[in-house]
Amino acid sequence: MEFCPNCRAMLFPKDGKLECKCGYSKDLSNDNKYKVSKDIEAKDNVKMLGEDIEVGPTVNETCPECGHDKATYKLIQTRSADEAPTRIFKCSKCKHTWRAYD
Ligand SMILES: [Zn+2]
Ligand SMILES: [Zn+2]
């Protein structure tokens, strides 16, 4: 809990700031702990969707790059719960990766 340095009243949160009825407001955007952890999360997600598909079952899927008919795949669950997981294929010949949507 935080108090106003001017009048010692209790501050209340509004629009990402802490405000006091005397007009004082404290911007919370300098407190970027939350933002940093979001960035790390985003990076992990990019890595998952990138070249890093080494394990996974082999399926008969034609590579759009070289026409090879075997690829490994992974299911990637997207953030929103009402979306189906994305399938990421990796050609076992040329290592090209691509996404498939149902
Ligand atoms: Zn105040
Ligand atoms: Zn290929």
# chains A, B, ... in the order shown; residues from 1 in each chain; ligands from 1
$ closest_atom_pairs --of "chain A" --to "ligand 1" --cutoff "9 Å" --atoms "only C-alpha atoms and all ligand atoms" --output "tab-separated table"
residue	atom	partner	partner_atom_place_in_ligand_line	distance
A:Phe3	CA	ligand 1	1 (Zn)	7.8
A:Cys4	CA	ligand 1	1 (Zn)	4.6
A:Pro5	CA	ligand 1	1 (Zn)	6.7
A:Asn6	CA	ligand 1	1 (Zn)	4.9
A:Cys7	CA	ligand 1	1 (Zn)	4.2
A:Arg8	CA	ligand 1	1 (Zn)	6.0
A:Ala9	CA	ligand 1	1 (Zn)	5.5
A:Met10	CA	ligand 1	1 (Zn)	7.8
A:Leu11	CA	ligand 1	1 (Zn)	7.6
A:Glu19	CA	ligand 1	1 (Zn)	7.9
A:Cys20	CA	ligand 1	1 (Zn)	4.7
A:Lys21	CA	ligand 1	1 (Zn)	5.8
A:Cys22	CA	ligand 1	1 (Zn)	4.2
A:Gly23	CA	ligand 1	1 (Zn)	6.3
A:Tyr24	CA	ligand 1	1 (Zn)	5.4
A:Ser25	CA	ligand 1	1 (Zn)	8.3
$ residues_near_ligand --ligand "ligand 2" --cutoff "12 Å" --atoms "only C-alpha atoms and all ligand atoms" --output "PyMOL selection string"
chain A and resi 61-72+89-98
$ residues_around --residues "A:Lys17" --least-positions-apart "6" --cutoff "7 Å" --atoms "only C-alpha atoms" --output "ChimeraX atom specification"
/A:25-28
